[in-house]
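File shown: input30.pdb. Contents: PDB, C-alpha atoms, pLDDT in the B column.
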```
ATOM      1  CA  MET A   4     -18.290  -0.615  -6.065  1.00 82.00           C
ATOM      2  CA  HIS A   5     -14.873   0.146  -7.501  1.00 88.00           C
ATOM      3  CA  LYS A   6     -11.444   0.484  -5.960  1.00 91.00           C
ATOM      4  CA  LYS A   7      -9.077   3.325  -6.708  1.00 94.00           C
ATOM      5  CA  ALA A   8      -5.519   3.911  -5.564  1.00 95.00           C
ATOM      6  CA  PHE A   9      -4.503   7.478  -4.785  1.00 95.00           C
ATOM      7  CA  GLN A  10      -0.994   8.739  -4.217  1.00 95.00           C
ATOM      8  CA  LEU A  11      -0.629  11.769  -1.974  1.00 95.00           C
ATOM      9  CA  LEU A  12       2.399  13.938  -1.388  1.00 93.00           C
ATOM     10  CA  VAL A  13       1.947  15.660   1.975  1.00 94.00           C
ATOM     11  CA  ASP A  14       3.915  17.703   4.472  1.00 93.00           C
ATOM     12  CA  ASN A  15       5.747  15.458   6.924  1.00 93.00           C
ATOM     13  CA  THR A  16       4.085  16.912  10.013  1.00 93.00           C
ATOM     14  CA  SER A  17       2.710  15.281  13.124  1.00 92.00           C
ATOM     15  CA  GLY A  18      -0.942  14.355  12.809  1.00 92.00           C
ATOM     16  CA  VAL A  19      -1.100  14.486   9.004  1.00 92.00           C
ATOM     17  CA  LEU A  20      -2.108  10.831   8.703  1.00 92.00           C
ATOM     18  CA  SER A  21      -4.716  11.319  11.420  1.00 92.00           C
ATOM     19  CA  ARG A  22      -6.206  14.309   9.605  1.00 92.00           C
ATOM     20  CA  ILE A  23      -6.421  12.397   6.337  1.00 93.00           C
ATOM     21  CA  SER A  24      -7.936   9.260   7.867  1.00 91.00           C
ATOM     22  CA  GLY A  25     -10.289  11.475   9.920  1.00 91.00           C
ATOM     23  CA  LEU A  26     -11.664  12.968   6.714  1.00 90.00           C
ATOM     24  CA  PHE A  27     -12.489   9.448   5.506  1.00 89.00           C
ATOM     25  CA  SER A  28     -14.100   8.584   8.834  1.00 89.00           C
ATOM     26  CA  ARG A  29     -16.204  11.753   9.035  1.00 90.00           C
ATOM     27  CA  ARG A  30     -17.500  11.322   5.501  1.00 88.00           C
ATOM     28  CA  GLY A  31     -18.110   7.574   5.840  1.00 88.00           C
ATOM     29  CA  TYR A  32     -15.622   6.701   3.084  1.00 89.00           C
ATOM     30  CA  ASN A  33     -14.037   3.255   3.140  1.00 88.00           C
ATOM     31  CA  ILE A  34     -10.251   2.849   3.206  1.00 92.00           C
ATOM     32  CA  GLU A  35      -9.152  -0.549   1.870  1.00 91.00           C
ATOM     33  CA  SER A  36      -5.496   0.147   2.696  1.00 93.00           C
ATOM     34  CA  ILE A  37      -3.260   3.052   3.605  1.00 93.00           C
ATOM     35  CA  THR A  38       0.532   3.219   3.657  1.00 94.00           C
ATOM     36  CA  ALA A  39       2.798   6.136   4.428  1.00 94.00           C
ATOM     37  CA  GLY A  40       6.512   6.787   4.398  1.00 93.00           C
ATOM     38  CA  VAL A  41       8.953   9.654   4.164  1.00 93.00           C
ATOM     39  CA  THR A  42      10.195  10.569   0.668  1.00 90.00           C
ATOM     40  CA  ALA A  43      13.727  11.318  -0.516  1.00 87.00           C
ATOM     41  CA  ASP A  44      13.095  14.790   0.912  1.00 89.00           C
ATOM     42  CA  PRO A  45      12.372  14.344   4.655  1.00 91.00           C
ATOM     43  CA  LYS A  46      10.022  17.365   4.625  1.00 92.00           C
ATOM     44  CA  TYR A  47       7.428  15.279   2.738  1.00 92.00           C
ATOM     45  CA  THR A  48       5.605  11.983   3.117  1.00 94.00           C
ATOM     46  CA  ARG A  49       4.168   9.855   0.335  1.00 94.00           C
ATOM     47  CA  ILE A  50       0.851   8.190   1.204  1.00 95.00           C
ATOM     48  CA  THR A  51      -0.878   5.546  -0.883  1.00 95.00           C
ATOM     49  CA  ILE A  52      -4.579   5.098  -0.151  1.00 95.00           C
ATOM     50  CA  VAL A  53      -6.805   2.482  -1.738  1.00 94.00           C
ATOM     51  CA  ALA A  54     -10.449   3.467  -1.355  1.00 94.00           C
ATOM     52  CA  SER A  55     -13.664   1.842  -2.508  1.00 91.00           C
ATOM     53  CA  GLY A  56     -16.991   3.261  -3.588  1.00 90.00           C
ATOM     54  CA  ASP A  57     -18.956   4.218  -6.659  1.00 91.00           C
ATOM     55  CA  ASP A  58     -17.542   6.722  -9.160  1.00 91.00           C
ATOM     56  CA  ASP A  59     -19.192   9.704  -7.444  1.00 92.00           C
ATOM     57  CA  ILE A  60     -17.775   8.774  -4.025  1.00 91.00           C
ATOM     58  CA  LEU A  61     -14.283   8.212  -5.436  1.00 92.00           C
ATOM     59  CA  ASP A  62     -14.383  11.587  -7.195  1.00 92.00           C
ATOM     60  CA  GLN A  63     -15.563  13.229  -3.945  1.00 92.00           C
ATOM     61  CA  ILE A  64     -12.708  11.571  -2.032  1.00 92.00           C
ATOM     62  CA  GLU A  65     -10.141  13.068  -4.400  1.00 92.00           C
ATOM     63  CA  LYS A  66     -11.702  16.538  -4.168  1.00 93.00           C
ATOM     64  CA  GLN A  67     -11.993  16.471  -0.371  1.00 92.00           C
ATOM     65  CA  VAL A  68      -8.438  15.196   0.190  1.00 93.00           C
ATOM     66  CA  ARG A  69      -7.065  17.813  -2.211  1.00 92.00           C
ATOM     67  CA  LYS A  70      -8.520  20.566   0.039  1.00 93.00           C
ATOM     68  CA  LEU A  71      -6.570  19.482   3.145  1.00 92.00           C
ATOM     69  CA  VAL A  72      -3.849  21.942   4.144  1.00 89.00           C
ATOM     70  CA  ASP A  73      -1.016  19.395   4.380  1.00 92.00           C
ATOM     71  CA  VAL A  74      -1.737  17.836   0.962  1.00 94.00           C
ATOM     72  CA  ARG A  75       0.635  19.113  -1.723  1.00 93.00           C
ATOM     73  CA  GLU A  76      -0.558  16.814  -4.524  1.00 92.00           C
ATOM     74  CA  ILE A  77      -2.949  13.916  -5.097  1.00 93.00           C
ATOM     75  CA  ASN A  78      -2.995  11.672  -8.151  1.00 92.00           C
ATOM     76  CA  GLU A  79      -4.862   8.536  -9.075  1.00 94.00           C
ATOM     77  CA  LEU A  80      -2.664   5.510  -9.705  1.00 94.00           C
ATOM     78  CA  PRO A  81      -4.445   3.618 -12.503  1.00 93.00           C
ATOM     79  CA  PRO A  82      -3.415  -0.072 -12.487  1.00 91.00           C
ATOM     80  CA  GLU A  83      -2.259  -0.091 -16.110  1.00 93.00           C
ATOM     81  CA  GLU A  84      -0.006   2.951 -15.540  1.00 92.00           C
ATOM     82  CA  SER A  85       1.338   2.091 -12.089  1.00 94.00           C
ATOM     83  CA  VAL A  86       3.323  -0.404 -10.079  1.00 94.00           C
ATOM     84  CA  TYR A  87       1.759  -1.666  -6.837  1.00 92.00           C
ATOM     85  CA  ARG A  88       3.470  -3.751  -4.193  1.00 95.00           C
ATOM     86  CA  GLU A  89       2.534  -5.102  -0.804  1.00 96.00           C
ATOM     87  CA  LEU A  90       4.579  -6.847   1.872  1.00 97.00           C
ATOM     88  CA  ALA A  91       3.249  -9.693   3.980  1.00 97.00           C
ATOM     89  CA  LEU A  92       4.823 -11.441   6.955  1.00 98.00           C
ATOM     90  CA  ILE A  93       3.238 -14.819   7.690  1.00 98.00           C
ATOM     91  CA  LYS A  94       3.992 -16.978  10.720  1.00 98.00           C
ATOM     92  CA  VAL A  95       3.117 -20.625  10.042  1.00 98.00           C
ATOM     93  CA  ARG A  96       3.117 -23.536  12.488  1.00 97.00           C
ATOM     94  CA  VAL A  97       5.438 -26.260  11.202  1.00 96.00           C
ATOM     95  CA  ASP A  98       6.817 -29.611  12.189  1.00 94.00           C
ATOM     96  CA  ASP A  99       9.671 -31.476  10.528  1.00 91.00           C
ATOM     97  CA  ILE A 100       7.323 -32.965   7.921  1.00 91.00           C
ATOM     98  CA  LYS A 101       5.621 -29.713   6.865  1.00 92.00           C
ATOM     99  CA  ARG A 102       8.734 -27.528   6.961  1.00 95.00           C
ATOM    100  CA  GLU A 103      10.144 -28.608   3.577  1.00 94.00           C
ATOM    101  CA  SER A 104       6.853 -28.249   1.692  1.00 95.00           C
ATOM    102  CA  ILE A 105       6.297 -24.734   3.069  1.00 96.00           C
ATOM    103  CA  ILE A 106       9.852 -23.760   2.120  1.00 96.00           C
ATOM    104  CA  ALA A 107       9.243 -25.120  -1.409  1.00 96.00           C
ATOM    105  CA  ILE A 108       6.027 -23.096  -1.815  1.00 96.00           C
ATOM    106  CA  THR A 109       7.816 -20.000  -0.508  1.00 97.00           C
ATOM    107  CA  ASN A 110      10.650 -20.447  -3.018  1.00 97.00           C
ATOM    108  CA  ILE A 111       8.194 -20.781  -5.927  1.00 97.00           C
ATOM    109  CA  PHE A 112       6.695 -17.400  -4.953  1.00 97.00           C
ATOM    110  CA  ARG A 113      10.168 -15.873  -4.477  1.00 97.00           C
ATOM    111  CA  GLY A 114       9.487 -15.328  -0.806  1.00 97.00           C
ATOM    112  CA  SER A 115      12.019 -15.518   1.995  1.00 98.00           C
ATOM    113  CA  ILE A 116      12.119 -17.358   5.270  1.00 98.00           C
ATOM    114  CA  VAL A 117      13.105 -14.619   7.725  1.00 98.00           C
ATOM    115  CA  ASP A 118      12.783 -16.543  10.991  1.00 97.00           C
ATOM    116  CA  VAL A 119      13.006 -20.203  11.908  1.00 96.00           C
ATOM    117  CA  ALA A 120      11.896 -21.647  15.228  1.00 96.00           C
ATOM    118  CA  PRO A 121      11.439 -25.301  16.187  1.00 95.00           C
ATOM    119  CA  ASP A 122       7.676 -25.074  15.679  1.00 96.00           C
ATOM    120  CA  SER A 123       7.199 -22.138  13.262  1.00 97.00           C
ATOM    121  CA  LEU A 124       8.518 -20.189  10.276  1.00 97.00           C
ATOM    122  CA  ILE A 125       8.070 -16.552   9.399  1.00 98.00           C
ATOM    123  CA  ILE A 126       7.771 -15.952   5.677  1.00 98.00           C
ATOM    124  CA  GLU A 127       8.282 -12.595   3.953  1.00 98.00           C
ATOM    125  CA  ILE A 128       6.629 -12.140   0.575  1.00 98.00           C
ATOM    126  CA  THR A 129       6.263  -9.069  -1.599  1.00 97.00           C
ATOM    127  CA  GLY A 130       4.241  -8.543  -4.732  1.00 96.00           C
ATOM    128  CA  ASN A 131       0.883  -7.356  -5.928  1.00 92.00           C
ATOM    129  CA  GLN A 132      -2.239  -8.264  -3.959  1.00 91.00           C
ATOM    130  CA  GLY A 133      -3.065 -11.120  -6.334  1.00 93.00           C
ATOM    131  CA  LYS A 134       0.290 -12.787  -5.734  1.00 96.00           C
ATOM    132  CA  ILE A 135      -0.020 -12.526  -1.966  1.00 96.00           C
ATOM    133  CA  ASP A 136      -3.626 -13.777  -2.032  1.00 96.00           C
ATOM    134  CA  ALA A 137      -2.585 -16.751  -4.203  1.00 97.00           C
ATOM    135  CA  PHE A 138       0.257 -17.559  -1.798  1.00 97.00           C
ATOM    136  CA  LEU A 139      -2.115 -17.442   1.167  1.00 97.00           C
ATOM    137  CA  ARG A 140      -4.553 -19.785  -0.622  1.00 97.00           C
ATOM    138  CA  LEU A 141      -1.731 -22.321  -1.002  1.00 96.00           C
ATOM    139  CA  LEU A 142      -1.045 -22.033   2.721  1.00 96.00           C
ATOM    140  CA  SER A 143      -4.703 -22.683   3.603  1.00 93.00           C
ATOM    141  CA  GLY A 144      -3.889 -26.296   4.506  1.00 92.00           C
ATOM    142  CA  TYR A 145      -1.391 -25.125   7.097  1.00 96.00           C
ATOM    143  CA  GLU A 146      -1.970 -23.314  10.376  1.00 96.00           C
ATOM    144  CA  ILE A 147      -1.251 -19.615   9.964  1.00 97.00           C
ATOM    145  CA  LEU A 148      -0.473 -18.329  13.445  1.00 98.00           C
ATOM    146  CA  GLU A 149      -0.073 -14.645  12.593  1.00 98.00           C
ATOM    147  CA  LEU A 150      -0.342 -12.509   9.480  1.00 97.00           C
ATOM    148  CA  ALA A 151       0.726  -8.897   8.907  1.00 97.00           C
ATOM    149  CA  ARG A 152       0.131  -7.115   5.593  1.00 95.00           C
ATOM    150  CA  THR A 153       1.375  -3.607   4.850  1.00 93.00           C
ATOM    151  CA  GLY A 154      -1.236  -2.543   2.345  1.00 90.00           C
ATOM    152  CA  ILE A 155      -0.394  -1.249  -1.094  1.00 92.00           C
ATOM    153  CA  ALA A 156       2.466   1.093  -1.891  1.00 93.00           C
ATOM    154  CA  GLY A 157       2.459   2.373  -5.442  1.00 92.00           C
ATOM    155  CA  LEU A 158       4.165   4.624  -7.950  1.00 91.00           C
ATOM    156  CA  SER A 159       3.215   5.681 -11.461  1.00 90.00           C
ATOM    157  CA  ARG A 160       5.285   4.245 -14.297  1.00 91.00           C
ATOM    158  CA  GLY A 161       7.779   6.501 -16.091  1.00 88.00           C
ATOM    159  CA  THR A 162       8.517  10.139 -15.359  1.00 80.00           C
ATOM    160  CA  ASP A 163       5.380  11.836 -16.699  1.00 78.00           C
ATOM    161  CA  LYS A 164       3.662  12.131 -13.314  1.00 76.00           C
ATOM    162  CA  VAL A 165       6.695  12.849 -11.127  1.00 79.00           C
ATOM    163  CA  VAL A 166       5.872  15.740  -8.810  1.00 75.00           C
ATOM    164  CA  TYR A 167       8.468  18.365  -7.992  1.00 73.00           C
ATOM    165  CA  LEU A 168       8.145  20.822  -5.123  1.00 79.00           C
ATOM    166  CA  ASP A 169       9.940  24.150  -5.012  1.00 77.00           C
ATOM    167  CA  GLU A 170      11.606  25.543  -1.876  1.00 79.00           C
ATOM    168  CA  ASN A 171       8.217  26.819  -0.648  1.00 78.00           C
ATOM    169  CA  GLY A 172       6.514  23.465  -1.071  1.00 77.00           C
ATOM    170  CA  ASN A 173       4.570  24.461  -4.174  1.00 76.00           C
ATOM    171  CA  VAL A 174       4.007  21.876  -6.893  1.00 75.00           C
ATOM    172  CA  VAL A 175       6.064  22.522 -10.002  1.00 76.00           C
ATOM    173  CA  HIS A 176       5.159  20.629 -13.161  1.00 67.00           C
ATOM    174  CA  PRO A 177       8.231  20.248 -15.394  1.00 63.00           C
ATOM    175  CA  GLN A 178       7.898  21.339 -19.018  1.00 58.00           C
TER
END
```
Re-express the file's structure as structure tokens.
Amino acid sequence: MHKKAFQLLVDNTSGVLSRISGLFSRRGYNIESITAGVTADPKYTRITIVASGDDDILDQIEKQVRKLVDVREINELPPEESVYRELALIKVRVDDIKRESIIAITNIFRGSIVDVAPDSLIIEITGNQGKIDAFLRLLSGYEILELARTGIAGLSRGTDKVVYLDENGNVVHPQ
């Protein structure tokens, strides 16, 4: 089993995310993570999907997604040619003794304390999955009350794979 990250540029229409995830569900494909957000042009949404499977399944996923009406472009985001980031919010139970050590660990990982209560902290941390997993391992001795992770958002490095759309929504590859 391998993992592959795909970046989709799709029409920003209601139900587009449902149609894409429905394709995965109907075909029995596994989604490791999925993130979506509007682009600089509000007519389009950028979706990053991390899927797992053997090479044949991952190739099939790309072909099937490409056929969907709302999909303008799909590209693989190879790790060596891309930047991936994930956001995690972690609520940890603290007392006066534990508070300082958790703050110190958070600072080492360049995280932020975004909420302080008498008996808890909420930590915000961004980075690649490895960084967030390492941070969570260091917190294993503490009581994590709640955890929310966004999943991976990614972009290819440089300008070679930038996708342009004309006024009709057709993909234009610059020369």
Reference answer for the PyMOL selection byres ((chain A and resi 27-42) around 10), as number ranges by chain: A: 6-15, 20-26, 43-56, 60-61, 63-64, 67-68, 89, 152-157
Selected residue of minimal separation from Ile108 in chain A among A:Ile77, A:Glu84, A:Leu142, A:Asn131, counting all atoms listed in the file: A:Leu142
Residues within 8 Å of Gly172 in chain A, all atoms listed in the file, excluding chain neighbours under 3 positions, as a list in words: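 Residues meeting the cut-off are Arg75, Leu168 and Asp169 of chain A.
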Residues selected by the PyMOL selection byres ((chain A and resi 95) around 10), written as a PyMOL selection string: chain A and resi 92-94+96-98+101-102+105+122-126+142+145-150
Export of the given selection (C-alpha atoms) as an mmCIF file, keeping the file's coordinate frame:
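See part-v4.cif below for the written result:
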```
data_model
loop_
_atom_site.group_PDB
_atom_site.id
_atom_site.type_symbol
_atom_site.label_atom_id
_atom_site.label_comp_id
_atom_site.auth_asym_id
_atom_site.auth_seq_id
_atom_site.Cartn_x
_atom_site.Cartn_y
_atom_site.Cartn_z
ATOM 1 C CA LEU A 92 4.823 -11.441 6.955
ATOM 2 C CA ILE A 93 3.238 -14.819 7.690
ATOM 3 C CA LYS A 94 3.992 -16.978 10.720
ATOM 4 C CA ARG A 96 3.117 -23.536 12.488
ATOM 5 C CA VAL A 97 5.438 -26.260 11.202
ATOM 6 C CA ASP A 98 6.817 -29.611 12.189
ATOM 7 C CA LYS A 101 5.621 -29.713 6.865
ATOM 8 C CA ARG A 102 8.734 -27.528 6.961
ATOM 9 C CA ILE A 105 6.297 -24.734 3.069
ATOM 10 C CA ASP A 122 7.676 -25.074 15.679
ATOM 11 C CA SER A 123 7.199 -22.138 13.262
ATOM 12 C CA LEU A 124 8.518 -20.189 10.276
ATOM 13 C CA ILE A 125 8.070 -16.552 9.399
ATOM 14 C CA ILE A 126 7.771 -15.952 5.677
ATOM 15 C CA LEU A 142 -1.045 -22.033 2.721
ATOM 16 C CA TYR A 145 -1.391 -25.125 7.097
ATOM 17 C CA GLU A 146 -1.970 -23.314 10.376
ATOM 18 C CA ILE A 147 -1.251 -19.615 9.964
ATOM 19 C CA LEU A 148 -0.473 -18.329 13.445
ATOM 20 C CA GLU A 149 -0.073 -14.645 12.593
ATOM 21 C CA LEU A 150 -0.342 -12.509 9.480
#
```
Coordinates-based distance that separates CA of Gly133 in chain A from CA of Asp118 in chain A (Å, one decimal):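 Those two atoms sit 24.1 Å apart.
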Computed interatomic separation between CA of Asp73 in chain A and CA of Ala91 in chain A (Å): 29.4 Å
Between CA of Asp57 in chain A and CA of Met4 in chain A, distance in Å (one decimal):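 Distance between the two atoms: 4.9 Å.
Among the candidates A:Lys70, A:Ser159, A:Asp62, A:Val119, the residue lying nearest to Asp99 in chain A is A:Val119 (atoms considered: all atoms listed in the file).
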Distance query Thr109 in chain A at most 10 Å, only C-alpha atoms, self and fewer than 5 positions along chain excluded, as a ChimeraX atom specification: /A:103-104,114-116,126-128,138,141-142
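Nearest residue to Leu80 in chain A among A:Ile135, A:Glu65, A:Arg113, A:Gly130 is A:Glu65, counting all atoms listed in the file.
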For Val74 in chain A, the nearest of the candidates A:Thr162, A:Thr16, A:Leu90, A:Phe112, counting all atoms listed in the file: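 That would be A:Thr16, the residue with the smallest distance to Val74 in chain A.
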Proximity to Leu71 in chain A - best of A:Lys134, A:Val19, A:Asn110, A:Thr129, only C-alpha atoms: A:Val19
